[in-house]
file run_7.pdb (PDB, N, CA and C atoms)
ATOM      1  N   ASP A   1      29.598  26.871  10.880
ATOM      2  CA  ASP A   1      28.140  26.788  10.759
ATOM      3  C   ASP A   1      27.557  28.173  11.012
ATOM      4  N   LYS A   2      26.931  28.763  10.020
ATOM      5  CA  LYS A   2      26.401  30.124  10.102
ATOM      6  C   LYS A   2      25.307  30.268  11.152
ATOM      7  N   GLY A   3      24.607  29.215  11.471
ATOM      8  CA  GLY A   3      23.455  29.304  12.357
ATOM      9  C   GLY A   3      23.766  29.327  13.838
ATOM     10  N   THR A   4      25.051  29.277  14.218
ATOM     11  CA  THR A   4      25.366  29.228  15.643
ATOM     12  C   THR A   4      25.956  30.525  16.171
ATOM     13  N   PHE A   5      25.994  31.570  15.381
ATOM     14  CA  PHE A   5      26.539  32.851  15.797
ATOM     15  C   PHE A   5      25.430  33.854  16.057
ATOM     16  N   PHE A   6      25.786  34.944  16.745
ATOM     17  CA  PHE A   6      24.850  36.027  17.029
ATOM     18  C   PHE A   6      24.123  36.424  15.747
ATOM     19  N   GLU A   7      22.823  36.514  15.837
ATOM     20  CA  GLU A   7      21.901  36.843  14.748
ATOM     21  C   GLU A   7      21.749  35.721  13.721
ATOM     22  N   GLY A   8      22.329  34.553  14.001
ATOM     23  CA  GLY A   8      22.106  33.400  13.139
ATOM     24  C   GLY A   8      20.649  32.961  13.256
ATOM     25  N   VAL A   9      20.125  32.376  12.200
ATOM     26  CA  VAL A   9      18.718  31.964  12.179
ATOM     27  C   VAL A   9      18.627  30.480  11.844
ATOM     28  N   ALA A  10      17.856  29.758  12.629
ATOM     29  CA  ALA A  10      17.557  28.351  12.354
ATOM     30  C   ALA A  10      16.132  28.280  11.820
ATOM     31  N   THR A  11      15.945  27.552  10.733
ATOM     32  CA  THR A  11      14.628  27.406  10.114
ATOM     33  C   THR A  11      14.175  25.959  10.254
ATOM     34  N   PHE A  12      12.941  25.780  10.673
ATOM     35  CA  PHE A  12      12.375  24.448  10.903
ATOM     36  C   PHE A  12      11.276  24.166   9.887
ATOM     37  N   SER A  13      11.176  22.921   9.464
ATOM     38  CA  SER A  13      10.083  22.495   8.585
ATOM     39  C   SER A  13       9.791  21.027   8.879
ATOM     40  N   CYS A  14       8.649  20.577   8.397
ATOM     41  CA  CYS A  14       8.225  19.193   8.626
ATOM     42  C   CYS A  14       8.116  18.455   7.297
ATOM     43  N   THR A  15       8.212  17.148   7.362
ATOM     44  CA  THR A  15       8.019  16.327   6.178
ATOM     45  C   THR A  15       6.533  16.310   5.814
ATOM     46  N   PRO A  16       6.201  15.977   4.551
ATOM     47  CA  PRO A  16       4.785  15.919   4.156
ATOM     48  C   PRO A  16       3.992  14.998   5.081
ATOM     49  N   GLY A  17       2.795  15.449   5.419
ATOM     50  CA  GLY A  17       1.940  14.681   6.315
ATOM     51  C   GLY A  17       2.031  15.140   7.756
ATOM     52  N   TYR A  18       2.914  16.101   8.011
ATOM     53  CA  TYR A  18       3.079  16.662   9.346
ATOM     54  C   TYR A  18       2.950  18.173   9.271
ATOM     55  N   ILE A  19       2.510  18.788  10.368
ATOM     56  CA  ILE A  19       2.340  20.232  10.431
ATOM     57  C   ILE A  19       3.178  20.778  11.582
ATOM     58  N   LEU A  20       3.814  21.916  11.334
ATOM     59  CA  LEU A  20       4.675  22.530  12.335
ATOM     60  C   LEU A  20       3.845  23.222  13.404
ATOM     61  N   LYS A  21       4.096  22.888  14.647
ATOM     62  CA  LYS A  21       3.437  23.526  15.791
ATOM     63  C   LYS A  21       4.488  24.389  16.479
ATOM     64  N   GLY A  22       4.353  25.699  16.344
ATOM     65  CA  GLY A  22       5.322  26.632  16.900
ATOM     66  C   GLY A  22       5.934  27.468  15.796
ATOM     67  N   ALA A  23       6.903  28.288  16.157
ATOM     68  CA  ALA A  23       7.541  29.191  15.196
ATOM     69  C   ALA A  23       8.429  28.418  14.227
ATOM     70  N   ALA A  24       8.457  28.864  12.969
ATOM     71  CA  ALA A  24       9.264  28.211  11.943
ATOM     72  C   ALA A  24      10.731  28.636  12.014
ATOM     73  N   THR A  25      11.024  29.723  12.739
ATOM     74  CA  THR A  25      12.410  30.172  12.866
ATOM     75  C   THR A  25      12.739  30.513  14.316
ATOM     76  N   ARG A  26      14.028  30.394  14.634
ATOM     77  CA  ARG A  26      14.570  30.836  15.925
ATOM     78  C   ARG A  26      15.863  31.575  15.632
ATOM     79  N   SER A  27      16.161  32.590  16.435
ATOM     80  CA  SER A  27      17.361  33.401  16.226
ATOM     81  C   SER A  27      18.309  33.264  17.408
ATOM     82  N   CYS A  28      19.603  33.337  17.100
ATOM     83  CA  CYS A  28      20.623  33.308  18.133
ATOM     84  C   CYS A  28      20.809  34.728  18.659
ATOM     85  N   GLY A  29      20.637  34.910  19.956
ATOM     86  CA  GLY A  29      20.723  36.235  20.563
ATOM     87  C   GLY A  29      22.135  36.613  20.980
ATOM     88  N   ALA A  30      22.287  37.853  21.451
ATOM     89  CA  ALA A  30      23.578  38.376  21.894
ATOM     90  C   ALA A  30      24.131  37.588  23.078
ATOM     91  N   ASP A  31      23.243  36.906  23.809
ATOM     92  CA  ASP A  31      23.675  36.100  24.953
ATOM     93  C   ASP A  31      24.097  34.689  24.549
ATOM     94  N   GLY A  32      24.032  34.396  23.233
ATOM     95  CA  GLY A  32      24.422  33.075  22.742
ATOM     96  C   GLY A  32      23.349  32.023  22.886
ATOM     97  N   LYS A  33      22.146  32.454  23.235
ATOM     98  CA  LYS A  33      21.034  31.511  23.394
ATOM     99  C   LYS A  33      20.009  31.716  22.286
ATOM    100  N   TRP A  34      19.334  30.625  21.931
ATOM    101  CA  TRP A  34      18.286  30.678  20.913
ATOM    102  C   TRP A  34      16.999  31.200  21.535
ATOM    103  N   ASN A  35      16.320  32.099  20.832
ATOM    104  CA  ASN A  35      15.042  32.617  21.340
ATOM    105  C   ASN A  35      13.938  31.591  21.125
ATOM    106  N   GLY A  36      12.858  31.752  21.859
ATOM    107  CA  GLY A  36      11.672  30.919  21.653
ATOM    108  C   GLY A  36      11.849  29.474  22.074
ATOM    109  N   GLN A  37      10.877  28.675  21.662
ATOM    110  CA  GLN A  37      10.829  27.256  22.002
ATOM    111  C   GLN A  37      11.086  26.409  20.759
ATOM    112  N   ILE A  38      11.539  25.195  20.961
ATOM    113  CA  ILE A  38      11.736  24.266  19.848
ATOM    114  C   ILE A  38      10.357  23.836  19.350
ATOM    115  N   PRO A  39      10.073  24.026  18.045
ATOM    116  CA  PRO A  39       8.764  23.614  17.526
ATOM    117  C   PRO A  39       8.683  22.094  17.396
ATOM    118  N   GLU A  40       7.482  21.601  17.202
ATOM    119  CA  GLU A  40       7.260  20.165  17.028
ATOM    120  C   GLU A  40       6.495  19.917  15.735
ATOM    121  N   CYS A  41       6.712  18.758  15.156
ATOM    122  CA  CYS A  41       5.956  18.339  13.976
ATOM    123  C   CYS A  41       4.889  17.341  14.429
ATOM    124  N   SER A  42       3.642  17.648  14.147
ATOM    125  CA  SER A  42       2.519  16.775  14.507
ATOM    126  C   SER A  42       1.881  16.236  13.236
ATOM    127  N   ILE A  43       1.463  14.994  13.279
ATOM    128  CA  ILE A  43       0.848  14.377  12.108
ATOM    129  C   ILE A  43      -0.457  15.093  11.746
ATOM    130  N   VAL A  44      -0.685  15.266  10.455
ATOM    131  CA  VAL A  44      -1.919  15.895   9.976
ATOM    132  C   VAL A  44      -3.051  14.896  10.158
ATOM    133  N   GLU A  45      -4.104  15.334  10.812
ATOM    134  CA  GLU A  45      -5.260  14.465  11.029
ATOM    135  C   GLU A  45      -6.486  15.096  10.391
ATOM    136  N   CYS A  46      -7.151  14.343   9.542
ATOM    137  CA  CYS A  46      -8.375  14.803   8.883
ATOM    138  C   CYS A  46      -9.581  14.441   9.751
ATOM    139  N   SER A  47     -10.685  15.108   9.497
ATOM    140  CA  SER A  47     -11.904  14.763  10.226
ATOM    141  C   SER A  47     -12.385  13.387   9.769
ATOM    142  N   LYS A  48     -13.099  12.708  10.630
ATOM    143  CA  LYS A  48     -13.643  11.385  10.295
ATOM    144  C   LYS A  48     -14.677  11.512   9.183
ATOM    145  N   VAL A  49     -14.735  10.511   8.334
ATOM    146  CA  VAL A  49     -15.740  10.480   7.275
ATOM    147  C   VAL A  49     -17.056  10.053   7.908
ATOM    148  N   THR A  50     -18.014  10.952   7.885
ATOM    149  CA  THR A  50     -19.304  10.650   8.508
ATOM    150  C   THR A  50     -20.431  10.617   7.488
ATOM    151  N   THR A  51     -20.091  10.787   6.226
ATOM    152  CA  THR A  51     -21.107  10.802   5.184
ATOM    153  C   THR A  51     -21.733   9.421   5.027
ATOM    154  N   VAL A  52     -23.035   9.373   5.072
ATOM    155  CA  VAL A  52     -23.770   8.133   4.835
ATOM    156  C   VAL A  52     -24.245   8.186   3.391
ATOM    157  N   ILE A  53     -23.936   7.141   2.626
ATOM    158  CA  ILE A  53     -24.385   7.122   1.232
ATOM    159  C   ILE A  53     -25.550   6.149   1.093
ATOM    160  N   SER A  54     -26.497   6.535   0.273
ATOM    161  CA  SER A  54     -27.646   5.662   0.021
ATOM    162  C   SER A  54     -27.201   4.480  -0.820
ATOM    163  N   ASN A  55     -27.655   3.313  -0.483
ATOM    164  CA  ASN A  55     -27.397   2.094  -1.250
ATOM    165  C   ASN A  55     -25.910   1.766  -1.364
ATOM    166  N   GLY A  56     -25.188   2.013  -0.290
ATOM    167  CA  GLY A  56     -23.760   1.701  -0.286
ATOM    168  C   GLY A  56     -23.154   1.893   1.090
ATOM    169  N   GLN A  57     -21.849   1.695   1.165
ATOM    170  CA  GLN A  57     -21.132   1.823   2.423
ATOM    171  C   GLN A  57     -19.831   2.594   2.209
ATOM    172  N   THR A  58     -19.335   3.140   3.315
ATOM    173  CA  THR A  58     -18.000   3.732   3.326
ATOM    174  C   THR A  58     -17.162   2.936   4.308
ATOM    175  N   ASN A  59     -15.889   2.790   3.995
ATOM    176  CA  ASN A  59     -14.979   2.076   4.871
ATOM    177  C   ASN A  59     -13.727   2.923   5.041
ATOM    178  N   SER A  60     -13.516   3.408   6.250
ATOM    179  CA  SER A  60     -12.349   4.224   6.560
ATOM    180  C   SER A  60     -11.808   3.782   7.905
ATOM    181  N   THR A  61     -10.530   3.421   7.947
ATOM    182  CA  THR A  61      -9.948   2.979   9.210
ATOM    183  C   THR A  61      -9.108   4.060   9.876
ATOM    184  N   ASP A  62      -8.569   4.982   9.099
ATOM    185  CA  ASP A  62      -7.722   6.039   9.648
ATOM    186  C   ASP A  62      -8.199   7.400   9.179
ATOM    187  N   SER A  63      -7.775   8.424   9.895
ATOM    188  CA  SER A  63      -8.114   9.785   9.493
ATOM    189  C   SER A  63      -6.852  10.640   9.395
ATOM    190  N   PHE A  64      -5.718  10.003   9.136
ATOM    191  CA  PHE A  64      -4.456  10.712   9.023
ATOM    192  C   PHE A  64      -4.085  10.954   7.566
ATOM    193  N   TYR A  65      -3.164  11.868   7.344
ATOM    194  CA  TYR A  65      -2.648  12.181   6.012
ATOM    195  C   TYR A  65      -2.277  10.892   5.281
ATOM    196  N   GLY A  66      -2.741  10.754   4.060
ATOM    197  CA  GLY A  66      -2.434   9.581   3.256
ATOM    198  C   GLY A  66      -3.444   8.453   3.380
ATOM    199  N   ALA A  67      -4.344   8.534   4.350
ATOM    200  CA  ALA A  67      -5.369   7.493   4.500
ATOM    201  C   ALA A  67      -6.385   7.624   3.371
ATOM    202  N   SER A  68      -7.125   6.583   3.127
ATOM    203  CA  SER A  68      -8.131   6.627   2.064
ATOM    204  C   SER A  68      -9.470   6.106   2.579
ATOM    205  N   VAL A  69     -10.490   6.425   1.830
ATOM    206  CA  VAL A  69     -11.845   5.972   2.137
ATOM    207  C   VAL A  69     -12.305   5.128   0.961
ATOM    208  N   LEU A  70     -12.871   3.972   1.244
ATOM    209  CA  LEU A  70     -13.389   3.095   0.204
ATOM    210  C   LEU A  70     -14.912   3.205   0.186
ATOM    211  N   TYR A  71     -15.444   3.598  -0.949
ATOM    212  CA  TYR A  71     -16.894   3.661  -1.134
ATOM    213  C   TYR A  71     -17.292   2.449  -1.966
ATOM    214  N   THR A  72     -18.268   1.689  -1.500
ATOM    215  CA  THR A  72     -18.766   0.546  -2.263
ATOM    216  C   THR A  72     -20.279   0.635  -2.374
ATOM    217  N   CYS A  73     -20.777   0.097  -3.470
ATOM    218  CA  CYS A  73     -22.222   0.116  -3.719
ATOM    219  C   CYS A  73     -22.835  -1.231  -3.358
ATOM    220  N   ASP A  74     -24.076  -1.183  -2.929
ATOM    221  CA  ASP A  74     -24.820  -2.410  -2.696
ATOM    222  C   ASP A  74     -25.051  -3.101  -4.039
ATOM    223  N   ALA A  75     -25.362  -4.400  -3.985
ATOM    224  CA  ALA A  75     -25.632  -5.167  -5.200
ATOM    225  C   ALA A  75     -26.719  -4.479  -6.024
ATOM    226  N   GLY A  76     -26.480  -4.360  -7.317
ATOM    227  CA  GLY A  76     -27.451  -3.746  -8.218
ATOM    228  C   GLY A  76     -27.270  -2.246  -8.377
ATOM    229  N   TYR A  77     -26.312  -1.645  -7.666
ATOM    230  CA  TYR A  77     -26.054  -0.203  -7.762
ATOM    231  C   TYR A  77     -24.625   0.026  -8.223
ATOM    232  N   GLN A  78     -24.413   1.156  -8.871
ATOM    233  CA  GLN A  78     -23.064   1.510  -9.301
ATOM    234  C   GLN A  78     -22.860   3.018  -9.202
ATOM    235  N   MET A  79     -21.620   3.420  -9.150
ATOM    236  CA  MET A  79     -21.286   4.853  -9.086
ATOM    237  C   MET A  79     -21.101   5.399 -10.475
TER
END
call {"tool": "encode", "arguments": {"input": "run_7.pdb", "output": "structure tokens"}}
result
Amino acid sequence: DKGTFFEGVATFSCTPGYILKGAATRSCGADGKWNGQIPECSIVECSKVTTVISNGQTNSTDSFYGASVLYTCDAGYQM
């Protein structure tokens, strides 16, 4: 395994919907130890939908990656 020797590099990434918190790479030092800290993957969170629409409603239950917002019109109105 190339990544376990002196000057070896480990690269970290996250699956879609998550963001890497910390360095994306760590290197193996002359002392045989990896530099830095182990990064973490945190879920992507969007801001809450606060838009008020005239003659309609918004329905949003989550604010995470992949969530959706449903906009509906009051009776007699259309988008």
call {"tool": "residues_around", "arguments": {"input": "run_7.pdb", "residues": "segment 55-65 of chain A", "least_positions_apart": "3", "cutoff": "6 Å", "atoms": "only C-alpha atoms", "output": "ChimeraX atom specification"}}
result
/A:17,44-46,48,69-74
call {"tool": "atom_distance", "arguments": {"input": "run_7.pdb", "atom1": "atom N of Ala67 of chain A", "atom2": "atom N of Phe12 of chain A"}}
result
25.2 Å
call {"tool": "residues_near_point", "arguments": {"input": "run_7.pdb", "point": "(13.0, 29.5, 17.7)", "cutoff": "8 Å", "atoms": "only C-alpha atoms", "output": "list in words"}}
result
Ala10, Ala23, Ala24, Thr25, Arg26, Ser27, Trp34, Asn35, Gly36, Gln37, Ile38 and Pro39 of chain A
call {"tool": "write_last_selection", "arguments": {"input": "run_7.pdb", "atoms": "N, CA and C atoms", "output": "CSV table (one decimal), in the coordinates of the input"}}
result
chain,number,residue,atom,x,y,z
A,10,ALA,N,17.9,29.8,12.6
A,10,ALA,CA,17.6,28.4,12.4
A,10,ALA,C,16.1,28.3,11.8
A,23,ALA,N,6.9,28.3,16.2
A,23,ALA,CA,7.5,29.2,15.2
A,23,ALA,C,8.4,28.4,14.2
A,24,ALA,N,8.5,28.9,13.0
A,24,ALA,CA,9.3,28.2,11.9
A,24,ALA,C,10.7,28.6,12.0
A,25,THR,N,11.0,29.7,12.7
A,25,THR,CA,12.4,30.2,12.9
A,25,THR,C,12.7,30.5,14.3
A,26,ARG,N,14.0,30.4,14.6
A,26,ARG,CA,14.6,30.8,15.9
A,26,ARG,C,15.9,31.6,15.6
A,27,SER,N,16.2,32.6,16.4
A,27,SER,CA,17.4,33.4,16.2
A,27,SER,C,18.3,33.3,17.4
A,34,TRP,N,19.3,30.6,21.9
A,34,TRP,CA,18.3,30.7,20.9
A,34,TRP,C,17.0,31.2,21.5
A,35,ASN,N,16.3,32.1,20.8
A,35,ASN,CA,15.0,32.6,21.3
A,35,ASN,C,13.9,31.6,21.1
A,36,GLY,N,12.9,31.8,21.9
A,36,GLY,CA,11.7,30.9,21.7
A,36,GLY,C,11.8,29.5,22.1
A,37,GLN,N,10.9,28.7,21.7
A,37,GLN,CA,10.8,27.3,22.0
A,37,GLN,C,11.1,26.4,20.8
A,38,ILE,N,11.5,25.2,21.0
A,38,ILE,CA,11.7,24.3,19.8
A,38,ILE,C,10.4,23.8,19.4
A,39,PRO,N,10.1,24.0,18.0
A,39,PRO,CA,8.8,23.6,17.5
A,39,PRO,C,8.7,22.1,17.4
call {"tool": "residues_around", "arguments": {"input": "run_7.pdb", "residues": "Ser42 of chain A", "least_positions_apart": "6", "cutoff": "6 Å", "atoms": "all atoms listed in the file", "output": "compact mmCIF listing (two decimals) with N, CA and C atoms, in the coordinates of the input"}}
result
# COMPACT_ATOMS: atom_id res chain seq x y z
N GLY A 17 2.80 15.45 5.42
CA GLY A 17 1.94 14.68 6.32
C GLY A 17 2.03 15.14 7.76
N TYR A 18 2.91 16.10 8.01
CA TYR A 18 3.08 16.66 9.35
C TYR A 18 2.95 18.17 9.27
N ILE A 19 2.51 18.79 10.37
CA ILE A 19 2.34 20.23 10.43
C ILE A 19 3.18 20.78 11.58
N LEU A 20 3.81 21.92 11.33
CA LEU A 20 4.68 22.53 12.34
C LEU A 20 3.84 23.22 13.40
N LYS A 21 4.10 22.89 14.65
CA LYS A 21 3.44 23.53 15.79
C LYS A 21 4.49 24.39 16.48
call {"tool": "atom_distance", "arguments": {"input": "run_7.pdb", "atom1": "atom CA of Ile43 of chain A", "atom2": "atom CA of Pro16 of chain A"}}
result
9.0 Å
call {"tool": "resolve_selection", "arguments": {"input": "run_7.pdb", "expression": "the PyMOL selection byres (((chain A and resi 4 and name CA) around 10) and name CA)", "output": "list in words"}}
result
Asp1, Lys2, Gly3, Phe5, Phe6, Glu7, Gly8, Val9, Ala10, Ser27, Cys28, Gly29, Gly32, Lys33 and Trp34 of chain A
call {"tool": "write_last_selection", "arguments": {"input": "run_7.pdb", "atoms": "N, CA and C atoms", "output": "mmCIF file, in the coordinates of the input"}}
result
data_model
loop_
_atom_site.group_PDB
_atom_site.id
_atom_site.type_symbol
_atom_site.label_atom_id
_atom_site.label_comp_id
_atom_site.auth_asym_id
_atom_site.auth_seq_id
_atom_site.Cartn_x
_atom_site.Cartn_y
_atom_site.Cartn_z
ATOM 1 N N ASP A 1 29.598 26.871 10.880
ATOM 2 C CA ASP A 1 28.140 26.788 10.759
ATOM 3 C C ASP A 1 27.557 28.173 11.012
ATOM 4 N N LYS A 2 26.931 28.763 10.020
ATOM 5 C CA LYS A 2 26.401 30.124 10.102
ATOM 6 C C LYS A 2 25.307 30.268 11.152
ATOM 7 N N GLY A 3 24.607 29.215 11.471
ATOM 8 C CA GLY A 3 23.455 29.304 12.357
ATOM 9 C C GLY A 3 23.766 29.327 13.838
ATOM 10 N N PHE A 5 25.994 31.570 15.381
ATOM 11 C CA PHE A 5 26.539 32.851 15.797
ATOM 12 C C PHE A 5 25.430 33.854 16.057
ATOM 13 N N PHE A 6 25.786 34.944 16.745
ATOM 14 C CA PHE A 6 24.850 36.027 17.029
ATOM 15 C C PHE A 6 24.123 36.424 15.747
ATOM 16 N N GLU A 7 22.823 36.514 15.837
ATOM 17 C CA GLU A 7 21.901 36.843 14.748
ATOM 18 C C GLU A 7 21.749 35.721 13.721
ATOM 19 N N GLY A 8 22.329 34.553 14.001
ATOM 20 C CA GLY A 8 22.106 33.400 13.139
ATOM 21 C C GLY A 8 20.649 32.961 13.256
ATOM 22 N N VAL A 9 20.125 32.376 12.200
ATOM 23 C CA VAL A 9 18.718 31.964 12.179
ATOM 24 C C VAL A 9 18.627 30.480 11.844
ATOM 25 N N ALA A 10 17.856 29.758 12.629
ATOM 26 C CA ALA A 10 17.557 28.351 12.354
ATOM 27 C C ALA A 10 16.132 28.280 11.820
ATOM 28 N N SER A 27 16.161 32.590 16.435
ATOM 29 C CA SER A 27 17.361 33.401 16.226
ATOM 30 C C SER A 27 18.309 33.264 17.408
ATOM 31 N N CYS A 28 19.603 33.337 17.100
ATOM 32 C CA CYS A 28 20.623 33.308 18.133
ATOM 33 C C CYS A 28 20.809 34.728 18.659
ATOM 34 N N GLY A 29 20.637 34.910 19.956
ATOM 35 C CA GLY A 29 20.723 36.235 20.563
ATOM 36 C C GLY A 29 22.135 36.613 20.980
ATOM 37 N N GLY A 32 24.032 34.396 23.233
ATOM 38 C CA GLY A 32 24.422 33.075 22.742
ATOM 39 C C GLY A 32 23.349 32.023 22.886
ATOM 40 N N LYS A 33 22.146 32.454 23.235
ATOM 41 C CA LYS A 33 21.034 31.511 23.394
ATOM 42 C C LYS A 33 20.009 31.716 22.286
ATOM 43 N N TRP A 34 19.334 30.625 21.931
ATOM 44 C CA TRP A 34 18.286 30.678 20.913
ATOM 45 C C TRP A 34 16.999 31.200 21.535
#
